[in-house]
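*Asks:* Sharing protein.csv, CSV, C-alpha atoms:
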chain,number,residue,atom,x,y,z
A,1,MET,CA,-21.7,6.3,-14.7
A,2,SER,CA,-21.6,2.5,-14.8
A,3,SER,CA,-20.5,0.8,-11.6
A,4,ALA,CA,-20.6,-2.9,-12.3
A,5,ALA,CA,-17.4,-3.5,-10.3
A,6,LEU,CA,-18.8,-1.6,-7.4
A,7,ASP,CA,-22.0,-3.8,-7.5
A,8,VAL,CA,-19.9,-6.9,-7.3
A,9,ALA,CA,-17.6,-5.5,-4.6
A,10,LEU,CA,-20.6,-4.6,-2.5
A,11,ALA,CA,-22.3,-7.9,-3.0
A,12,TYR,CA,-19.1,-9.7,-1.9
A,13,HIS,CA,-18.7,-7.3,1.0
A,14,ARG,CA,-22.2,-7.7,2.3
A,15,ALA,CA,-22.0,-11.5,2.1
A,16,TRP,CA,-18.8,-11.8,4.3
A,17,ALA,CA,-19.8,-9.0,6.5
A,18,GLY,CA,-23.0,-11.0,7.2
A,19,GLY,CA,-20.8,-14.0,8.1
A,20,ASP,CA,-21.6,-15.9,4.9
A,21,LEU,CA,-18.1,-16.6,3.5
A,22,ASP,CA,-19.4,-19.2,1.0
A,23,ALA,CA,-21.8,-16.6,-0.6
A,24,ALA,CA,-18.9,-14.1,-0.6
A,25,LEU,CA,-16.6,-16.5,-2.5
A,26,GLU,CA,-19.2,-16.8,-5.3
A,27,TYR,CA,-17.9,-13.3,-6.3
A,28,ILE,CA,-14.2,-14.3,-6.2
A,29,ALA,CA,-12.7,-15.7,-9.4
A,30,VAL,CA,-11.3,-19.2,-9.2
A,31,ASP,CA,-7.8,-17.9,-10.2
A,32,VAL,CA,-8.0,-14.7,-8.1
A,33,VAL,CA,-4.7,-13.0,-7.3
A,34,CYS,CA,-4.8,-11.0,-4.1
A,35,GLU,CA,-2.0,-8.8,-2.7
A,36,ALA,CA,-2.7,-9.3,1.0
A,37,PRO,CA,-0.6,-8.4,4.1
A,38,PRO,CA,0.9,-11.9,4.5
A,39,GLY,CA,1.8,-11.9,0.8
A,40,ARG,CA,0.3,-12.8,-2.5
A,41,LEU,CA,-2.6,-15.2,-2.5
A,42,GLU,CA,-3.3,-17.1,-5.6
A,43,GLY,CA,-6.6,-19.0,-6.2
A,44,VAL,CA,-9.9,-19.0,-4.4
A,45,ASP,CA,-8.9,-21.8,-2.0
A,46,ALA,CA,-6.0,-19.6,-0.7
A,47,TYR,CA,-8.4,-16.7,-0.5
A,48,ARG,CA,-10.8,-18.7,1.6
A,49,ALA,CA,-8.1,-19.9,4.0
A,50,PHE,CA,-7.0,-16.2,4.4
A,51,MET,CA,-10.6,-15.0,5.1
A,52,GLU,CA,-11.9,-17.8,7.2
A,53,PRO,CA,-10.2,-17.0,10.6
A,54,TYR,CA,-11.2,-13.4,10.2
A,55,VAL,CA,-14.9,-13.9,9.2
A,56,SER,CA,-15.3,-16.6,11.9
A,57,GLN,CA,-14.6,-14.2,14.7
A,58,LEU,CA,-16.4,-11.1,13.3
A,59,LEU,CA,-18.7,-9.3,15.6
A,60,GLY,CA,-19.7,-6.5,13.3
A,61,VAL,CA,-18.7,-4.5,10.2
A,62,THR,CA,-19.3,-0.8,9.4
A,63,LEU,CA,-19.0,0.3,5.8
A,64,LEU,CA,-16.9,3.5,5.7
A,65,GLY,CA,-16.8,4.2,1.9
A,66,ALA,CA,-17.4,2.3,-1.3
A,67,PHE,CA,-16.9,3.7,-4.8
A,68,GLY,CA,-16.1,2.3,-8.1
A,69,ASP,CA,-16.7,2.2,-11.8
A,70,ASP,CA,-17.2,-0.5,-14.5
A,71,SER,CA,-13.9,-2.4,-13.7
A,72,THR,CA,-12.5,-1.2,-10.4
A,73,ALA,CA,-13.9,-0.6,-6.9
A,74,VAL,CA,-12.5,0.4,-3.5
A,75,VAL,CA,-14.3,-0.6,-0.4
A,76,MET,CA,-13.2,0.5,3.1
A,77,TYR,CA,-14.8,-0.6,6.4
A,78,ASP,CA,-14.3,-0.9,10.1
A,79,SER,CA,-14.8,-4.1,11.8
A,80,ALA,CA,-15.0,-5.5,15.4
A,81,THR,CA,-13.7,-9.0,16.0
A,82,ARG,CA,-13.4,-11.2,19.1
A,83,LEU,CA,-9.6,-10.7,18.9
A,84,VAL,CA,-9.4,-7.0,18.0
A,85,ALA,CA,-12.0,-4.5,18.8
A,86,GLN,CA,-11.3,-2.1,16.0
A,87,ALA,CA,-10.0,-3.7,12.8
A,88,PRO,CA,-10.5,-1.5,9.7
A,89,GLY,CA,-9.6,-2.8,6.3
A,90,ALA,CA,-9.7,-1.7,2.6
A,91,GLU,CA,-9.9,-3.6,-0.6
A,92,CYS,CA,-9.3,-2.4,-4.1
A,93,VAL,CA,-10.7,-4.9,-6.5
A,94,THR,CA,-10.6,-5.4,-10.3
A,95,VAL,CA,-13.7,-7.2,-11.6
A,96,VAL,CA,-13.8,-9.4,-14.7
A,97,ASP,CA,-16.9,-11.2,-15.9
A,98,GLY,CA,-18.8,-10.5,-12.6
A,99,ARG,CA,-16.1,-11.8,-10.3
A,100,ILE,CA,-13.1,-10.3,-8.4
A,101,ALA,CA,-10.1,-11.3,-10.5
A,102,HIS,CA,-7.5,-9.1,-8.7
A,103,SER,CA,-7.5,-7.5,-5.3
A,104,TRP,CA,-5.3,-5.4,-3.0
A,105,PHE,CA,-6.2,-6.1,0.6
A,106,VAL,CA,-5.0,-3.9,3.4
A,107,PHE,CA,-5.4,-4.1,7.1
A,108,ASP,CA,-3.1,-3.8,10.2
A,109,ARG,CA,-1.8,-7.2,11.3
A,110,LEU,CA,-0.1,-5.8,14.4
A,111,PRO,CA,-3.1,-5.8,16.8
A,112,PHE,CA,-4.0,-9.4,15.7
A,113,GLN,CA,-0.5,-10.5,16.3
A,114,ALA,CA,-0.5,-8.8,19.7
A,115,ALA,CA,-3.9,-10.4,20.7
A,116,ARG,CA,-2.7,-13.8,19.7
A,117,ALA,CA,0.5,-13.4,21.6
A,118,ALA,CA,-1.5,-12.3,24.7
A,119,GLN,CA,-3.9,-15.3,24.2
A,120,ALA,CA,-0.9,-17.7,24.0
A,121,ALA,CA,0.6,-16.1,27.1
A,122,VAL,CA,-2.6,-16.7,29.0
A,123,VAL,CA,-2.7,-20.3,27.8
A,124,GLY,CA,1.0,-20.7,28.7
A,125,SER,CA,0.5,-19.1,32.1
A,126,GLY,CA,-2.5,-21.4,32.7
A,127,ASP,CA,-0.4,-24.4,31.8
A,128,ALA,CA,2.5,-23.3,34.0
A,129,GLU,CA,0.2,-22.8,37.0
A,130,ALA,CA,-1.8,-26.0,36.5
A,131,PRO,CA,0.6,-28.2,38.6
A,132,ALA,CA,0.3,-25.8,41.5
A,133,SER,CA,-3.5,-25.6,41.6
B,1,MET,CA,-21.3,13.7,-10.5
B,2,SER,CA,-19.4,16.2,-8.4
B,3,SER,CA,-16.2,15.0,-6.9
B,4,ALA,CA,-14.9,17.9,-4.7
B,5,ALA,CA,-13.7,15.5,-2.0
B,6,LEU,CA,-11.9,13.3,-4.5
B,7,ASP,CA,-10.1,16.4,-5.9
B,8,VAL,CA,-8.9,17.4,-2.4
B,9,ALA,CA,-7.9,13.8,-1.6
B,10,LEU,CA,-5.9,13.5,-4.8
B,11,ALA,CA,-4.2,16.9,-4.4
B,12,TYR,CA,-3.2,15.8,-0.9
B,13,HIS,CA,-2.1,12.4,-2.1
B,14,ARG,CA,0.0,13.7,-4.9
B,15,ALA,CA,1.7,16.2,-2.6
B,16,TRP,CA,2.9,13.7,0.0
B,17,ALA,CA,3.6,11.0,-2.7
B,18,GLY,CA,6.0,13.5,-4.2
B,19,GLY,CA,7.7,14.0,-0.9
B,20,ASP,CA,6.2,17.4,-0.1
B,21,LEU,CA,4.5,16.9,3.3
B,22,ASP,CA,4.1,20.7,3.8
B,23,ALA,CA,2.1,21.0,0.7
B,24,ALA,CA,0.0,17.9,1.6
B,25,LEU,CA,-0.8,19.3,5.0
B,26,GLU,CA,-2.4,22.4,3.4
B,27,TYR,CA,-5.3,20.0,2.6
B,28,ILE,CA,-5.6,18.8,6.2
B,29,ALA,CA,-7.9,20.7,8.6
B,30,VAL,CA,-6.2,22.2,11.6
B,31,ASP,CA,-8.6,20.1,13.8
B,32,VAL,CA,-8.5,16.9,11.7
B,33,VAL,CA,-9.5,13.7,13.4
B,34,CYS,CA,-7.8,10.6,11.9
B,35,GLU,CA,-8.4,7.0,12.9
B,36,ALA,CA,-4.9,5.6,12.3
B,37,PRO,CA,-3.3,2.2,13.1
B,38,PRO,CA,-1.6,3.6,16.2
B,39,GLY,CA,-4.8,5.1,17.4
B,40,ARG,CA,-6.8,8.3,17.0
B,41,LEU,CA,-4.8,11.4,15.9
B,42,GLU,CA,-6.2,14.8,16.7
B,43,GLY,CA,-5.0,18.0,15.1
B,44,VAL,CA,-2.7,18.7,12.2
B,45,ASP,CA,0.4,18.6,14.3
B,46,ALA,CA,-0.2,15.0,15.4
B,47,TYR,CA,-1.0,14.2,11.8
B,48,ARG,CA,2.3,15.7,10.7
B,49,ALA,CA,4.2,13.7,13.3
B,50,PHE,CA,2.4,10.5,12.1
B,51,MET,CA,3.2,11.1,8.4
B,52,GLU,CA,6.8,12.5,8.7
B,53,PRO,CA,8.7,9.2,9.3
B,54,TYR,CA,6.9,7.5,6.5
B,55,VAL,CA,7.2,10.3,3.9
B,56,SER,CA,10.8,10.9,4.7
B,57,GLN,CA,11.7,7.3,3.7
B,58,LEU,CA,9.5,7.0,0.6
B,59,LEU,CA,11.0,5.6,-2.5
B,60,GLY,CA,7.9,5.6,-4.7
B,61,VAL,CA,4.1,5.5,-4.6
B,62,THR,CA,1.7,3.9,-7.1
B,63,LEU,CA,-2.0,4.9,-7.1
B,64,LEU,CA,-4.2,1.8,-7.1
B,65,GLY,CA,-7.6,3.3,-7.0
B,66,ALA,CA,-9.2,6.7,-6.2
B,67,PHE,CA,-12.9,7.4,-6.1
B,68,GLY,CA,-15.2,9.8,-4.3
B,69,ASP,CA,-18.0,12.2,-4.4
B,70,ASP,CA,-18.7,15.7,-3.1
B,71,SER,CA,-18.0,14.9,0.6
B,72,THR,CA,-16.1,11.6,0.8
B,73,ALA,CA,-13.2,9.9,-1.1
B,74,VAL,CA,-11.3,6.7,-0.8
B,75,VAL,CA,-7.7,6.5,-2.1
B,76,MET,CA,-5.7,3.3,-2.1
B,77,TYR,CA,-2.0,3.0,-3.1
B,78,ASP,CA,1.0,0.9,-2.9
B,79,SER,CA,4.3,2.4,-1.8
B,80,ALA,CA,8.0,1.4,-1.5
B,81,THR,CA,10.0,2.7,1.4
B,82,ARG,CA,13.5,2.3,2.6
B,83,LEU,CA,12.3,0.2,5.5
B,84,VAL,CA,9.5,-1.9,3.7
B,85,ALA,CA,9.6,-2.7,0.0
B,86,GLN,CA,5.8,-3.1,-0.4
B,87,ALA,CA,3.7,-0.9,1.9
B,88,PRO,CA,0.2,-0.4,0.6
B,89,GLY,CA,-2.2,1.9,2.3
B,90,ALA,CA,-5.7,3.3,2.1
B,91,GLU,CA,-7.4,6.4,3.3
B,92,CYS,CA,-11.1,7.2,3.5
B,93,VAL,CA,-11.5,11.0,3.9
B,94,THR,CA,-14.3,13.3,4.7
B,95,VAL,CA,-13.7,16.8,3.2
B,96,VAL,CA,-15.2,20.0,4.7
B,97,ASP,CA,-14.5,23.4,3.1
B,98,GLY,CA,-11.8,22.1,0.9
B,99,ARG,CA,-9.8,20.3,3.7
B,100,ILE,CA,-9.7,16.8,5.1
B,101,ALA,CA,-11.6,17.0,8.3
B,102,HIS,CA,-11.9,13.3,9.1
B,103,SER,CA,-9.9,10.3,7.9
B,104,TRP,CA,-9.6,6.6,8.3
B,105,PHE,CA,-6.1,5.5,7.6
B,106,VAL,CA,-5.2,1.9,7.1
B,107,PHE,CA,-1.8,0.2,6.6
B,108,ASP,CA,0.0,-2.9,7.9
B,109,ARG,CA,2.3,-1.9,10.7
B,110,LEU,CA,3.8,-5.4,11.1
B,111,PRO,CA,6.5,-5.2,8.4
B,112,PHE,CA,7.6,-1.8,9.7
B,113,GLN,CA,7.9,-3.1,13.2
B,114,ALA,CA,9.8,-6.2,11.9
B,115,ALA,CA,12.2,-3.9,9.9
B,116,ARG,CA,12.8,-1.6,12.8
B,117,ALA,CA,13.5,-4.6,15.1
B,118,ALA,CA,15.9,-6.0,12.5
B,119,GLN,CA,17.6,-2.6,12.3
B,120,ALA,CA,17.9,-2.5,16.1
B,121,ALA,CA,19.4,-6.0,16.1
B,122,VAL,CA,22.0,-5.0,13.5
B,123,VAL,CA,22.8,-1.9,15.5
B,124,GLY,CA,22.9,-3.9,18.7
B,125,SER,CA,25.1,-6.5,17.1
B,126,GLY,CA,27.4,-3.8,15.8
B,127,ASP,CA,27.7,-2.3,19.3
B,128,ALA,CA,28.4,-5.6,20.8
B,129,GLU,CA,31.2,-6.3,18.3
B,130,ALA,CA,32.8,-2.9,18.5
B,131,PRO,CA,35.2,-3.6,21.4
B,132,ALA,CA,36.6,-6.7,19.5
B,133,SER,CA,37.3,-4.7,16.3
Is it possible to give me this structure as structure tokens?

*Replies:*
Amino acid sequence: MSSAALDVALAYHRAWAGGDLDAALEYIAVDVVCEAPPGRLEGVDAYRAFMEPYVSQLLGVTLLGAFGDDSTAVVMYDSATRLVAQAPGAECVTVVDGRIAHSWFVFDRLPFQAARAAQAAVVGSGDAEAPAS
Amino acid sequence: MSSAALDVALAYHRAWAGGDLDAALEYIAVDVVCEAPPGRLEGVDAYRAFMEPYVSQLLGVTLLGAFGDDSTAVVMYDSATRLVAQAPGAECVTVVDGRIAHSWFVFDRLPFQAARAAQAAVVGSGDAEAPAS
């Protein structure tokens, strides 16, 4: 069974999981359409802006499952980040001419939102206490 | 290539996607361990309690990708629910003796939390206005 889409999906995955977002984006079509938790992303620049904060705080990635055929692949992984200790995600990608042209991207935003709120609270609390110290 | 795990994952998926949670749970091991967004679920009763609120408000499910081999499968789908119009999810399952023994379950809890908060606000607003009506 041919697995051209899986090959591309795994090359992309290994690149960003290793912290190299530029290399990962080589596998993303310029006019990619990605259905992501914050909404639809259109174009590789929007895709980069979406991935950058996540990749920049990655501590490690564990591949859970990766399967595909000639046109479609599904990759699922767990990850540890500085904000969230356990942040699994899944991507279902459609590959055209060696690049990801369409993607469904799923992860749970709730722990990221909670972690950012906690960070903001600490910063806020520090500010509030500053005059007293 | 044998795909026994994919067969089980798809039978389970089609059952709950059709609204039949009892039939779906026939494919879940009694001592299943599931890494889900709210945390680790242990046992089929915990798994049922996790799935029930979601399945009970399902409007429709679209399969996005499903692949697997003899022991592992990954299934990704979009769904529409009464609470959240677009709620994609992904499951990476390990199958032992014809049942899902281990699972990673990913979806975005944020829109569900927002929808429940909005519901609560409407209920609260209704309560507050009741004495005046």

*Asks:* Hey, could you lay chain A over chain B with a least-squares C-alpha fit (all atoms, paired in order) and save it as a PDB file with C-alpha atoms, in the coordinates of the input?

*Replies:*
ATOM      1  CA  MET A   1     -21.348  13.545 -10.515  1.00  0.00           C
ATOM      2  CA  SER A   2     -19.530  16.073  -8.332  1.00  0.00           C
ATOM      3  CA  SER A   3     -16.272  14.886  -6.809  1.00  0.00           C
ATOM      4  CA  ALA A   4     -14.956  17.778  -4.786  1.00  0.00           C
ATOM      5  CA  ALA A   5     -13.744  15.454  -2.006  1.00  0.00           C
ATOM      6  CA  LEU A   6     -11.971  13.311  -4.505  1.00  0.00           C
ATOM      7  CA  ASP A   7     -10.189  16.452  -5.937  1.00  0.00           C
ATOM      8  CA  VAL A   8      -8.946  17.334  -2.512  1.00  0.00           C
ATOM      9  CA  ALA A   9      -7.955  13.755  -1.648  1.00  0.00           C
ATOM     10  CA  LEU A  10      -5.964  13.527  -4.843  1.00  0.00           C
ATOM     11  CA  ALA A  11      -4.308  16.856  -4.386  1.00  0.00           C
ATOM     12  CA  TYR A  12      -3.235  15.823  -0.855  1.00  0.00           C
ATOM     13  CA  HIS A  13      -2.138  12.434  -2.137  1.00  0.00           C
ATOM     14  CA  ARG A  14      -0.036  13.763  -4.950  1.00  0.00           C
ATOM     15  CA  ALA A  15       1.676  16.294  -2.674  1.00  0.00           C
ATOM     16  CA  TRP A  16       2.902  13.661  -0.079  1.00  0.00           C
ATOM     17  CA  ALA A  17       3.544  11.102  -2.670  1.00  0.00           C
ATOM     18  CA  GLY A  18       5.889  13.670  -4.294  1.00  0.00           C
ATOM     19  CA  GLY A  19       7.639  14.051  -0.911  1.00  0.00           C
ATOM     20  CA  ASP A  20       6.134  17.476  -0.205  1.00  0.00           C
ATOM     21  CA  LEU A  21       4.505  16.933   3.223  1.00  0.00           C
ATOM     22  CA  ASP A  22       4.053  20.692   3.828  1.00  0.00           C
ATOM     23  CA  ALA A  23       1.972  21.062   0.571  1.00  0.00           C
ATOM     24  CA  ALA A  24       0.025  17.930   1.600  1.00  0.00           C
ATOM     25  CA  LEU A  25      -0.876  19.399   5.019  1.00  0.00           C
ATOM     26  CA  GLU A  26      -2.437  22.455   3.312  1.00  0.00           C
ATOM     27  CA  TYR A  27      -5.344  20.020   2.565  1.00  0.00           C
ATOM     28  CA  ILE A  28      -5.623  18.751   6.172  1.00  0.00           C
ATOM     29  CA  ALA A  29      -7.921  20.676   8.510  1.00  0.00           C
ATOM     30  CA  VAL A  30      -6.311  22.180  11.575  1.00  0.00           C
ATOM     31  CA  ASP A  31      -8.621  20.089  13.863  1.00  0.00           C
ATOM     32  CA  VAL A  32      -8.453  16.913  11.725  1.00  0.00           C
ATOM     33  CA  VAL A  33      -9.425  13.669  13.444  1.00  0.00           C
ATOM     34  CA  CYS A  34      -7.759  10.635  11.937  1.00  0.00           C
ATOM     35  CA  GLU A  35      -8.369   6.985  12.907  1.00  0.00           C
ATOM     36  CA  ALA A  36      -4.882   5.641  12.227  1.00  0.00           C
ATOM     37  CA  PRO A  37      -3.258   2.275  13.159  1.00  0.00           C
ATOM     38  CA  PRO A  38      -1.506   3.618  16.287  1.00  0.00           C
ATOM     39  CA  GLY A  39      -4.787   5.193  17.408  1.00  0.00           C
ATOM     40  CA  ARG A  40      -6.717   8.363  16.993  1.00  0.00           C
ATOM     41  CA  LEU A  41      -4.821  11.429  15.909  1.00  0.00           C
ATOM     42  CA  GLU A  42      -6.266  14.748  16.688  1.00  0.00           C
ATOM     43  CA  GLY A  43      -5.027  18.014  15.058  1.00  0.00           C
ATOM     44  CA  VAL A  44      -2.759  18.701  12.140  1.00  0.00           C
ATOM     45  CA  ASP A  45       0.416  18.735  14.266  1.00  0.00           C
ATOM     46  CA  ALA A  46      -0.301  15.089  15.329  1.00  0.00           C
ATOM     47  CA  TYR A  47      -1.040  14.271  11.724  1.00  0.00           C
ATOM     48  CA  ARG A  48       2.279  15.665  10.622  1.00  0.00           C
ATOM     49  CA  ALA A  49       4.244  13.774  13.277  1.00  0.00           C
ATOM     50  CA  PHE A  50       2.443  10.539  12.114  1.00  0.00           C
ATOM     51  CA  MET A  51       3.262  11.185   8.398  1.00  0.00           C
ATOM     52  CA  GLU A  52       6.727  12.551   8.648  1.00  0.00           C
ATOM     53  CA  PRO A  53       8.744   9.290   9.273  1.00  0.00           C
ATOM     54  CA  TYR A  54       6.823   7.627   6.505  1.00  0.00           C
ATOM     55  CA  VAL A  55       7.116  10.386   3.814  1.00  0.00           C
ATOM     56  CA  SER A  56      10.817  10.900   4.694  1.00  0.00           C
ATOM     57  CA  GLN A  57      11.760   7.414   3.671  1.00  0.00           C
ATOM     58  CA  LEU A  58       9.451   7.038   0.615  1.00  0.00           C
ATOM     59  CA  LEU A  59      10.988   5.747  -2.514  1.00  0.00           C
ATOM     60  CA  GLY A  60       7.896   5.658  -4.651  1.00  0.00           C
ATOM     61  CA  VAL A  61       4.077   5.524  -4.608  1.00  0.00           C
ATOM     62  CA  THR A  62       1.680   3.811  -7.059  1.00  0.00           C
ATOM     63  CA  LEU A  63      -1.935   4.905  -7.051  1.00  0.00           C
ATOM     64  CA  LEU A  64      -4.131   1.769  -7.061  1.00  0.00           C
ATOM     65  CA  GLY A  65      -7.662   3.339  -6.978  1.00  0.00           C
ATOM     66  CA  ALA A  66      -9.214   6.662  -6.107  1.00  0.00           C
ATOM     67  CA  PHE A  67     -12.944   7.400  -6.108  1.00  0.00           C
ATOM     68  CA  GLY A  68     -15.161   9.735  -4.341  1.00  0.00           C
ATOM     69  CA  ASP A  69     -18.039  12.138  -4.409  1.00  0.00           C
ATOM     70  CA  ASP A  70     -18.795  15.667  -3.065  1.00  0.00           C
ATOM     71  CA  SER A  71     -17.943  14.814   0.635  1.00  0.00           C
ATOM     72  CA  THR A  72     -16.142  11.495   0.801  1.00  0.00           C
ATOM     73  CA  ALA A  73     -13.213   9.886  -1.043  1.00  0.00           C
ATOM     74  CA  VAL A  74     -11.227   6.644  -0.777  1.00  0.00           C
ATOM     75  CA  VAL A  75      -7.726   6.520  -2.033  1.00  0.00           C
ATOM     76  CA  MET A  76      -5.638   3.310  -2.080  1.00  0.00           C
ATOM     77  CA  TYR A  77      -1.967   3.041  -3.135  1.00  0.00           C
ATOM     78  CA  ASP A  78       1.137   0.955  -2.930  1.00  0.00           C
ATOM     79  CA  SER A  79       4.286   2.401  -1.757  1.00  0.00           C
ATOM     80  CA  ALA A  80       8.029   1.455  -1.517  1.00  0.00           C
ATOM     81  CA  THR A  81       9.994   2.790   1.425  1.00  0.00           C
ATOM     82  CA  ARG A  82      13.610   2.397   2.570  1.00  0.00           C
ATOM     83  CA  LEU A  83      12.299   0.246   5.466  1.00  0.00           C
ATOM     84  CA  VAL A  84       9.631  -1.819   3.687  1.00  0.00           C
ATOM     85  CA  ALA A  85       9.639  -2.598   0.076  1.00  0.00           C
ATOM     86  CA  GLN A  86       5.936  -3.010  -0.380  1.00  0.00           C
ATOM     87  CA  ALA A  87       3.786  -0.851   1.901  1.00  0.00           C
ATOM     88  CA  PRO A  88       0.217  -0.356   0.590  1.00  0.00           C
ATOM     89  CA  GLY A  89      -2.157   1.917   2.396  1.00  0.00           C
ATOM     90  CA  ALA A  90      -5.760   3.269   2.082  1.00  0.00           C
ATOM     91  CA  GLU A  91      -7.406   6.389   3.285  1.00  0.00           C
ATOM     92  CA  CYS A  92     -11.058   7.209   3.477  1.00  0.00           C
ATOM     93  CA  VAL A  93     -11.455  10.897   3.934  1.00  0.00           C
ATOM     94  CA  THR A  94     -14.378  13.264   4.676  1.00  0.00           C
ATOM     95  CA  VAL A  95     -13.817  16.747   3.228  1.00  0.00           C
ATOM     96  CA  VAL A  96     -15.251  19.961   4.669  1.00  0.00           C
ATOM     97  CA  ASP A  97     -14.607  23.388   3.211  1.00  0.00           C
ATOM     98  CA  GLY A  98     -11.778  22.076   0.917  1.00  0.00           C
ATOM     99  CA  ARG A  99      -9.845  20.306   3.637  1.00  0.00           C
ATOM    100  CA  ILE A 100      -9.733  16.744   5.107  1.00  0.00           C
ATOM    101  CA  ALA A 101     -11.673  17.038   8.356  1.00  0.00           C
ATOM    102  CA  HIS A 102     -11.904  13.269   9.120  1.00  0.00           C
ATOM    103  CA  SER A 103      -9.893  10.340   7.895  1.00  0.00           C
ATOM    104  CA  TRP A 104      -9.565   6.567   8.331  1.00  0.00           C
ATOM    105  CA  PHE A 105      -6.013   5.512   7.606  1.00  0.00           C
ATOM    106  CA  VAL A 106      -5.085   1.905   7.107  1.00  0.00           C
ATOM    107  CA  PHE A 107      -1.820   0.209   6.511  1.00  0.00           C
ATOM    108  CA  ASP A 108       0.060  -2.859   7.939  1.00  0.00           C
ATOM    109  CA  ARG A 109       2.389  -1.865  10.776  1.00  0.00           C
ATOM    110  CA  LEU A 110       3.853  -5.360  11.101  1.00  0.00           C
ATOM    111  CA  PRO A 111       6.549  -5.154   8.371  1.00  0.00           C
ATOM    112  CA  PHE A 112       7.671  -1.703   9.717  1.00  0.00           C
ATOM    113  CA  GLN A 113       7.904  -3.079  13.163  1.00  0.00           C
ATOM    114  CA  ALA A 114       9.864  -6.074  11.883  1.00  0.00           C
ATOM    115  CA  ALA A 115      12.302  -3.835   9.844  1.00  0.00           C
ATOM    116  CA  ARG A 116      12.913  -1.637  12.810  1.00  0.00           C
ATOM    117  CA  ALA A 117      13.535  -4.570  15.050  1.00  0.00           C
ATOM    118  CA  ALA A 118      16.020  -5.987  12.474  1.00  0.00           C
ATOM    119  CA  GLN A 119      17.688  -2.503  12.185  1.00  0.00           C
ATOM    120  CA  ALA A 120      18.033  -2.322  16.012  1.00  0.00           C
ATOM    121  CA  ALA A 121      19.442  -5.848  16.062  1.00  0.00           C
ATOM    122  CA  VAL A 122      22.074  -4.868  13.547  1.00  0.00           C
ATOM    123  CA  VAL A 123      22.925  -1.768  15.565  1.00  0.00           C
ATOM    124  CA  GLY A 124      23.006  -3.874  18.762  1.00  0.00           C
ATOM    125  CA  SER A 125      25.134  -6.550  17.123  1.00  0.00           C
ATOM    126  CA  GLY A 126      27.501  -3.829  15.840  1.00  0.00           C
ATOM    127  CA  ASP A 127      27.780  -2.409  19.322  1.00  0.00           C
ATOM    128  CA  ALA A 128      28.368  -5.819  20.899  1.00  0.00           C
ATOM    129  CA  GLU A 129      31.144  -6.630  18.413  1.00  0.00           C
ATOM    130  CA  ALA A 130      32.819  -3.216  18.566  1.00  0.00           C
ATOM    131  CA  PRO A 131      35.112  -4.126  21.553  1.00  0.00           C
ATOM    132  CA  ALA A 132      36.373  -7.160  19.691  1.00  0.00           C
ATOM    133  CA  SER A 133      37.247  -5.418  16.421  1.00  0.00           C
TER     134      SER A 133
END

*Asks:* Using only C-alpha atoms, find the one residue out of A:Asp20, A:Cys34, A:Phe50, A:Thr62 that sits nearest to Glu91 (chain A).

*Replies:*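 That would be A:Cys34, the residue with the smallest distance to Glu91 (chain A).
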
*Asks:* From the options A:Asp45, A:Ser71, A:Ala90, A:Pro37, which residue's atoms come nearest to Leu110 (chain A), counting all atoms listed in the file?

*Replies:* A:Pro37

*Asks:* If we count all atoms listed in the file, which residues of chain B reach to within 7 Å of chain A? Please list them as a PDB file with C-alpha atoms, in the frame of the given file.

*Replies:*
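The resulting out-v9.pdb:
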ATOM      1  CA  PRO B  37      -3.300   2.200  13.100  1.00  0.00           C
ATOM      2  CA  GLY B  65      -7.600   3.300  -7.000  1.00  0.00           C
ATOM      3  CA  PHE B  67     -12.900   7.400  -6.100  1.00  0.00           C
ATOM      4  CA  GLY B  68     -15.200   9.800  -4.300  1.00  0.00           C
ATOM      5  CA  VAL B  74     -11.300   6.700  -0.800  1.00  0.00           C
ATOM      6  CA  PRO B  88       0.200  -0.400   0.600  1.00  0.00           C
ATOM      7  CA  GLY B  89      -2.200   1.900   2.300  1.00  0.00           C
ATOM      8  CA  ALA B  90      -5.700   3.300   2.100  1.00  0.00           C
ATOM      9  CA  CYS B  92     -11.100   7.200   3.500  1.00  0.00           C
ATOM     10  CA  VAL B 106      -5.200   1.900   7.100  1.00  0.00           C
ATOM     11  CA  PHE B 107      -1.800   0.200   6.600  1.00  0.00           C
ATOM     12  CA  ASP B 108       0.000  -2.900   7.900  1.00  0.00           C
ATOM     13  CA  ARG B 109       2.300  -1.900  10.700  1.00  0.00           C
ATOM     14  CA  LEU B 110       3.800  -5.400  11.100  1.00  0.00           C
TER      15      LEU B 110
END

*Asks:* My list of candidates is B:Ala17, B:Ala101, B:Ala9, B:Val96. Which is closest to Glu42 (chain B) when distances are computed with only C-alpha atoms?

*Replies:* B:Ala101

*Asks:* CA of Ile28 (chain B) and CA of Arg14 (chain B), how far apart in Å?

*Replies:*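 Going from CA of Arg14 (chain B) over to CA of Ile28 (chain B) covers 13.4 Å.
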
*Asks:* Show which residues sit within 9 Å of Tyr12 (chain B), as an NGL selection string. Count all atoms listed in the file, and ignore same-chain residues fewer than 4 positions away.

*Replies:* :B and (7-8 or 16-17 or 21 or 23-28 or 100)

*Asks:* Kindly give the distance, in Å, that separates CA of Gly18 (chain A) and CA of Ser103 (chain B), rounded to a single decimal.

*Replies:*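 According to the coordinates, CA of Gly18 (chain A) and CA of Ser103 (chain B) are separated by 25.0 Å.
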
*Asks:* Please measure the separation of CA of Ala5 (chain A) and CA of Ala29 (chain A), giving the value in Å to one decimal.

*Replies:*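 Going from CA of Ala5 (chain A) over to CA of Ala29 (chain A) covers 13.1 Å.
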
*Asks:* For Gln57 (chain A), which residue out of A:Ala11, A:Leu6, A:Leu83, A:Ala121 is the nearest one, using all atoms listed in the file?

*Replies:*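 For Gln57 (chain A), the nearest of the candidates is A:Leu83.
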
*Asks:* Pick the closest to Glu52 (chain B) from B:Asp22, B:His13, B:Val33, B:Asp70: which is it, counting only C-alpha atoms?

*Replies:*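 Answer, going by the shortest atom-to-atom distance: B:Asp22.
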